[in-house]
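Content type compact mmCIF, C-alpha atoms, from the file model.txt:
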```txt
# COMPACT_ATOMS: atom_id res chain seq x y z
CA ALA A 2 0.00 0.00 0.00
CA ASP A 3 1.10 3.56 -0.63
CA GLN A 4 2.26 4.98 2.73
CA ARG A 5 2.74 8.54 1.54
CA THR A 6 0.77 11.33 3.16
CA GLU A 7 -1.68 13.30 1.08
CA GLY A 8 0.12 15.66 -1.28
CA GLN A 9 3.53 14.03 -0.82
CA VAL A 10 5.44 13.60 -4.09
CA ASN A 11 6.40 10.08 -5.14
CA TYR A 12 9.96 10.98 -6.04
CA LEU A 13 10.94 7.44 -7.07
CA LYS A 14 8.14 7.36 -9.61
CA GLU A 15 9.12 10.83 -10.84
CA LEU A 16 12.77 9.82 -11.11
CA LYS A 17 11.92 6.88 -13.34
CA THR A 18 10.32 9.25 -15.85
CA HIS A 19 13.23 11.71 -15.81
CA MET A 20 16.32 9.52 -15.94
CA ARG A 21 18.78 10.45 -18.66
CA THR A 22 17.79 7.77 -21.13
CA TYR A 23 19.16 9.87 -24.00
CA ASP A 24 16.11 9.21 -26.15
CA LYS A 25 17.02 12.33 -28.11
CA ILE A 26 20.24 14.05 -29.13
CA CYS A 27 19.99 17.79 -28.56
CA PRO A 28 21.98 20.00 -30.98
CA GLU A 29 21.61 23.23 -29.00
CA ARG A 30 24.83 23.14 -26.98
CA ALA A 31 26.93 22.22 -30.01
CA ARG A 32 25.18 24.87 -32.12
CA TYR A 33 25.68 27.80 -29.77
CA PHE A 34 29.24 26.92 -28.83
CA THR A 35 30.27 26.39 -32.45
CA ASP A 36 28.63 29.57 -33.74
CA ALA A 37 30.35 31.69 -31.08
CA TYR A 38 33.69 29.95 -31.59
CA LYS A 39 33.50 30.57 -35.34
CA ALA A 40 32.54 34.22 -34.83
CA ALA A 41 35.65 34.72 -32.70
CA GLU A 42 38.03 33.45 -35.39
CA GLY A 43 41.49 34.99 -34.99
CA GLN A 44 41.08 35.69 -31.27
CA PRO A 45 43.03 33.77 -28.59
CA GLU A 46 41.84 30.22 -28.01
CA ALA A 47 40.86 30.86 -24.39
CA ILE A 48 38.69 33.80 -25.46
CA ARG A 49 37.03 31.74 -28.18
CA PHE A 50 36.19 28.98 -25.71
CA ALA A 51 34.91 31.48 -23.15
CA LYS A 52 32.65 33.07 -25.75
CA GLY A 53 31.38 29.63 -26.70
CA ILE A 54 30.53 28.89 -23.08
CA ALA A 55 28.86 32.28 -22.71
CA ALA A 56 26.75 31.64 -25.80
CA ILE A 57 25.49 28.41 -24.26
CA PHE A 58 24.57 30.07 -20.97
CA ASP A 59 22.80 32.93 -22.74
CA ASN A 60 20.90 30.94 -25.37
CA ILE A 61 20.27 27.32 -24.46
CA SER A 62 16.64 26.43 -23.79
CA ILE A 63 15.73 26.49 -20.10
CA TYR A 64 12.71 25.06 -18.34
CA ILE A 65 11.41 24.33 -14.86
CA GLU A 66 9.48 21.10 -14.41
CA ASP A 67 6.58 20.56 -12.08
CA GLY A 68 7.74 20.12 -8.49
CA GLU A 69 11.36 21.14 -9.05
CA LEU A 70 13.12 23.10 -6.32
CA ILE A 71 16.60 22.63 -7.80
CA VAL A 72 16.63 23.69 -11.45
CA GLY A 73 19.03 23.51 -14.36
CA ASN A 74 19.54 21.67 -17.62
CA TYR A 75 22.11 21.12 -20.33
CA ALA A 76 19.79 20.02 -23.12
CA SER A 77 16.37 20.90 -24.49
CA LYS A 78 14.66 18.14 -22.46
CA PRO A 79 15.66 16.18 -19.33
CA THR A 80 16.25 12.91 -21.16
CA ALA A 81 18.17 14.41 -24.09
CA MET A 82 21.91 14.15 -24.65
CA PRO A 83 24.02 17.20 -25.52
CA ILE A 84 27.00 17.07 -27.87
CA TYR A 85 30.53 18.30 -27.01
CA PRO A 86 32.21 18.55 -30.43
CA GLU A 87 35.08 20.70 -29.13
CA TYR A 88 36.33 17.67 -27.21
CA PHE A 89 35.68 14.66 -29.42
CA THR A 90 33.92 14.02 -32.74
CA GLY A 91 34.87 10.48 -33.72
CA TRP A 92 31.56 8.87 -32.88
CA ILE A 93 29.03 11.43 -34.12
CA SER A 94 28.86 10.79 -37.87
CA ASP A 95 28.55 7.02 -37.45
CA ALA A 96 26.07 7.21 -34.58
CA ILE A 97 23.55 9.58 -36.21
CA GLY A 98 24.02 8.46 -39.80
CA GLU A 99 21.14 6.77 -41.60
CA GLU A 100 22.32 3.36 -40.34
CA GLY A 101 23.67 4.56 -37.00
CA MET A 102 22.45 3.35 -33.63
CA PHE A 103 21.17 6.85 -32.80
CA HIS A 104 19.78 7.70 -36.23
CA ASP A 105 16.23 7.93 -34.87
CA ARG A 106 17.20 10.30 -32.06
CA VAL A 107 17.55 13.30 -34.36
CA THR A 108 15.36 14.79 -37.04
CA ASP A 109 16.68 15.02 -40.60
CA GLU A 110 17.29 18.74 -40.10
CA GLU A 111 19.16 18.12 -36.84
CA ARG A 112 21.22 15.38 -38.50
CA ARG A 113 22.36 17.76 -41.23
CA GLU A 114 23.19 20.44 -38.68
CA LEU A 115 25.15 18.09 -36.41
CA LEU A 116 27.05 16.55 -39.30
CA ASP A 117 28.07 20.04 -40.47
CA ILE A 118 29.18 20.87 -36.92
CA ASN A 119 31.04 17.58 -36.72
CA ASP A 120 32.90 18.27 -39.98
CA TYR A 121 33.99 21.67 -38.65
CA TRP A 122 35.47 20.18 -35.47
CA VAL A 123 37.16 17.03 -36.80
CA ASP A 124 40.63 18.61 -36.92
CA ARG A 125 39.92 21.41 -34.41
CA CYS A 126 38.67 19.42 -31.41
CA TYR A 127 41.03 18.38 -28.61
CA ASP A 128 41.08 14.81 -29.82
CA GLY A 129 41.85 15.78 -33.42
CA ARG A 130 44.67 18.11 -32.41
CA MET A 131 46.22 15.56 -30.07
CA PHE A 132 46.00 12.85 -32.70
CA ALA A 133 47.68 15.13 -35.28
CA ALA A 134 50.53 15.85 -32.83
CA MET A 135 51.02 12.19 -31.92
CA PRO A 136 53.98 10.29 -33.44
CA GLU A 137 52.89 7.95 -36.22
CA ASN A 138 54.09 4.86 -34.39
CA LEU A 139 51.74 5.58 -31.50
CA LYS A 140 48.57 6.40 -33.40
CA ASP A 141 47.43 2.79 -33.67
CA TYR A 142 47.39 2.60 -29.89
CA GLN A 143 45.05 5.53 -29.40
CA PHE A 144 42.08 3.23 -29.82
CA PHE A 145 41.47 -0.46 -29.32
CA ASN A 146 43.62 -2.28 -31.86
CA GLY A 147 43.07 -5.92 -31.03
CA VAL A 148 46.01 -6.09 -28.62
CA GLY A 149 44.90 -3.89 -25.75
CA LEU A 150 42.88 -0.87 -24.79
CA THR A 151 44.91 2.23 -24.05
CA THR A 152 43.90 4.64 -21.35
CA GLU A 153 41.61 7.36 -22.60
CA VAL A 154 44.09 10.22 -22.27
CA HIS A 155 43.16 11.19 -25.81
CA SER A 156 39.72 12.41 -24.83
CA MET A 157 38.43 14.89 -22.30
CA HIS A 158 35.52 14.07 -20.02
CA SER A 159 33.28 17.10 -20.33
CA ALA A 160 31.44 16.34 -17.09
CA VAL A 161 34.55 16.80 -14.95
CA CYS A 162 34.60 20.12 -13.12
CA SER A 163 36.82 21.70 -10.51
CA GLY A 164 36.90 24.91 -8.53
CA PHE A 165 33.80 24.28 -6.43
CA ASP A 166 35.44 25.95 -3.44
CA ASN A 167 35.93 29.21 -5.34
CA MET A 168 32.40 29.15 -6.71
CA LEU A 169 30.81 28.49 -3.33
CA ALA A 170 33.04 30.97 -1.51
CA HIS A 171 32.86 33.88 -3.95
CA GLY A 172 30.11 33.29 -6.50
CA ALA A 173 30.56 34.10 -10.17
CA ASN A 174 30.56 37.84 -9.52
CA GLY A 175 33.21 37.47 -6.83
CA ILE A 176 35.40 35.47 -9.19
CA VAL A 177 34.93 38.16 -11.84
CA LYS A 178 36.01 40.83 -9.36
CA ARG A 179 39.11 38.87 -8.37
CA CYS A 180 39.99 38.38 -12.04
CA LYS A 181 39.52 42.08 -12.80
CA ASP A 182 41.65 43.06 -9.81
CA ARG A 183 44.40 40.68 -10.88
CA LEU A 184 44.13 41.87 -14.48
CA ALA A 185 44.62 45.47 -13.37
CA GLU A 186 47.72 44.47 -11.38
CA ILE A 187 49.24 42.64 -14.34
CA LYS A 188 48.56 45.49 -16.75
CA GLU A 189 49.99 48.02 -14.34
CA LYS A 190 53.16 45.96 -13.93
CA GLY A 191 53.46 45.32 -17.66
CA ILE A 192 56.19 43.35 -19.38
CA GLY A 193 59.60 43.17 -17.81
CA GLY A 194 61.51 41.64 -14.95
CA ASP A 195 60.27 38.09 -14.47
CA THR A 196 57.29 38.63 -16.82
CA SER A 197 58.00 37.88 -20.47
CA ALA A 198 55.79 39.07 -23.30
CA THR A 199 54.44 35.53 -23.70
CA ASP A 200 53.62 35.24 -19.99
CA TYR A 201 51.95 38.65 -20.03
CA ILE A 202 49.74 37.78 -23.01
CA ASP A 203 48.82 34.37 -21.55
CA GLN A 204 47.89 35.83 -18.17
CA VAL A 205 45.83 38.68 -19.62
CA THR A 206 44.06 36.38 -22.07
CA ASN A 207 43.20 33.76 -19.47
CA LEU A 208 41.86 36.34 -17.03
CA GLU A 209 39.76 38.01 -19.74
CA ALA A 210 38.38 34.60 -20.70
CA MET A 211 37.49 33.80 -17.09
CA ILE A 212 35.67 37.12 -16.81
CA ILE A 213 33.61 36.39 -19.94
CA ALA A 214 32.67 32.88 -18.79
CA ASN A 215 31.86 33.79 -15.18
CA GLU A 216 29.78 36.82 -16.10
CA ALA A 217 27.73 34.55 -18.36
CA PHE A 218 27.43 31.95 -15.60
CA GLY A 219 25.93 34.56 -13.30
CA ARG A 220 23.44 35.50 -16.03
CA PHE A 221 22.50 31.84 -16.44
CA GLY A 222 21.07 31.67 -12.94
CA LYS A 223 19.17 34.91 -13.43
CA ARG A 224 17.53 33.46 -16.55
CA TYR A 225 16.00 30.80 -14.31
CA ALA A 226 14.97 33.42 -11.78
CA LYS A 227 13.12 35.35 -14.49
CA LEU A 228 11.45 32.19 -15.78
CA ALA A 229 10.39 31.13 -12.30
CA ARG A 230 8.91 34.57 -11.54
CA GLY A 231 6.87 34.45 -14.74
CA MET A 232 5.61 30.95 -13.99
CA ALA A 233 4.77 31.93 -10.41
CA ALA A 234 2.74 34.91 -11.61
CA ALA A 235 0.63 32.62 -13.79
CA GLU A 236 0.32 29.77 -11.25
CA THR A 237 -3.01 29.33 -9.46
CA ASP A 238 -1.98 26.56 -7.08
CA PRO A 239 -0.70 28.31 -3.93
CA ASP A 240 1.86 25.59 -3.08
CA LYS A 241 3.31 25.54 -6.58
CA LYS A 242 3.36 29.34 -6.65
CA LYS A 243 5.31 29.37 -3.38
CA ASP A 244 7.82 26.84 -4.73
CA LEU A 245 8.36 28.85 -7.92
CA GLU A 246 8.83 32.05 -5.95
CA LYS A 247 11.46 30.25 -3.88
CA VAL A 248 13.24 29.06 -7.02
CA ALA A 249 13.22 32.65 -8.30
CA GLU A 250 14.65 33.94 -5.01
CA VAL A 251 17.43 31.32 -4.96
CA CYS A 252 18.41 31.71 -8.63
CA GLU A 253 18.45 35.48 -8.34
CA ARG A 254 21.20 34.95 -5.76
CA VAL A 255 23.22 32.03 -7.14
CA PRO A 256 25.44 31.35 -8.88
CA ALA A 257 26.14 35.07 -9.28
CA GLU A 258 26.72 35.51 -5.54
CA PRO A 259 28.00 33.03 -2.93
CA PRO A 260 25.29 30.85 -1.37
CA ARG A 261 24.08 31.59 2.14
CA THR A 262 21.91 28.52 2.70
CA PHE A 263 22.07 24.82 1.94
CA HIS A 264 19.37 25.25 -0.72
CA GLU A 265 21.38 27.98 -2.43
CA ALA A 266 24.55 25.88 -2.22
CA LEU A 267 22.83 22.89 -3.83
CA GLN A 268 21.43 25.10 -6.58
CA ALA A 269 24.80 26.72 -7.28
CA PHE A 270 26.51 23.32 -7.32
CA TYR A 271 23.91 21.87 -9.70
CA LEU A 272 24.18 24.73 -12.18
CA TYR A 273 27.97 24.63 -11.99
CA HIS A 274 28.21 20.91 -12.60
```
Mind turning this structure into structure tokens?
Amino acid sequence: ADQRTEGQVNYLKELKTHMRTYDKICPERARYFTDAYKAAEGQPEAIRFAKGIAAIFDNISIYIEDGELIVGNYASKPTAMPIYPEYFTGWISDAIGEEGMFHDRVTDEERRELLDINDYWVDRCYDGRMFAAMPENLKDYQFFNGVGLTTEVHSMHSAVCSGFDNMLAHGANGIVKRCKDRLAEIKEKGIGGDTSATDYIDQVTNLEAMIIANEAFGRFGKRYAKLARGMAAAETDPDKKKDLEKVAEVCERVPAEPPRTFHEALQAFYLYH
């Protein structure tokens, strides 16, 4: 028998309908990152990547599902899979081709778009660059060759993040401020002494890139706050309205500012990861 009290959410049942089954491949992340990266042609690589990340934060579809108190997504629906072409492209064309195992998880229009994106990144992605730089006698060992399986140092795992302590302690805006302060110090000092021209350019570029990415990350949370406020205004159920207003309050704060409560910390962590 169901032992839940009246109104209590059956989270196990809900979870089963929202697991990442990857029943669809979402092109949005790849689209926005690639378009921004292309538009920044000729600029430093760190800046191009930062602008790609910012484009994702500013443009990817967002939504808040019924009953959610912690919000955030990386694809156009909870069960969809995003694509990270800047890291690795080797599997995409085969997987979504007409005979591929994922051919039915994209529309014909999405297939054409993703194949075009894939073609652009083949030699530009991390994997393609590393493979090109690898000595010929080692290339056969990058993938399974019938003798053994090499460690996957050739590919980057896009879900791996670091820097949680900074994000929780300072928030995106605090990180931006620290970067701007450090940038001002470096520019005031200039080139000379123990700072070569190469070091100067690398430091300035990396700090500018971090500013771009973190400013966009702060905006990402505020997009959810705006969405939640709009949904709350239209909601007639008082409990759901209260939940949406709470989501708006939390996302207005994080990740732009450091969290003050456990709820805010969980929300900041979820958006960051």
Exercise for the section: May I ask for the distance between atom CA of Glu265 of chain A and atom CA of Ala170 of chain A, given in Å to one decimal place? Expected result: 12.1 Å
Practice task
Name the residues in contact with Arg220 of chain A at a cut-off of 9 Å, using only C-alpha atoms, excluding same-chain residues fewer than 2 positions from it; report them as number ranges by chain.
Solution key: A: 58-59, 215-218, 222-225, 256-257
Which residues of segment 67-125 of chain A come within 9 Å of segment 34-51 of chain A, and what is each one's closest atom pair and distance in Å (one decimal), counting all atoms listed in the file, sorted by chain and residue number, as CSV?
```
residue,atom,partner,partner_atom,distance
A:Tyr85,CA,A:Phe34,CA,8.9
A:Pro86,CA,A:Thr35,CA,8.3
A:Glu87,CA,A:Thr35,CA,8.2
A:Ile118,CA,A:Thr35,CA,7.2
A:Tyr121,CA,A:Thr35,CA,8.6
A:Trp122,CA,A:Thr35,CA,8.6
```
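For segment 196-205 of chain A, the non-local neighbours within 12 Å, defined as residues at least 2 positions apart in the same chain or in other chains and counting only C-alpha atoms, are A:Pro45, A:Glu46, A:Ala47, A:Ile48, A:Cys180, A:Lys181, A:Asp182, A:Arg183, A:Leu184, A:Ala185, A:Glu186, A:Ile187, A:Lys188, A:Glu189, A:Lys190, A:Gly191, A:Ile192, A:Gly193, A:Gly194, A:Asn207, A:Leu208, A:Glu209, A:Ala210, A:Met211, A:Ile212.
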Handout entry: Interatomic distance (Å, one decimal) between atom CA of Tyr64 of chain A and atom CA of Ile97 of chain A
Key = 26.0 Å
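In this structure, atom CA of Arg130 of chain A sits 19.9 Å away from atom CA of Leu115 of chain A.
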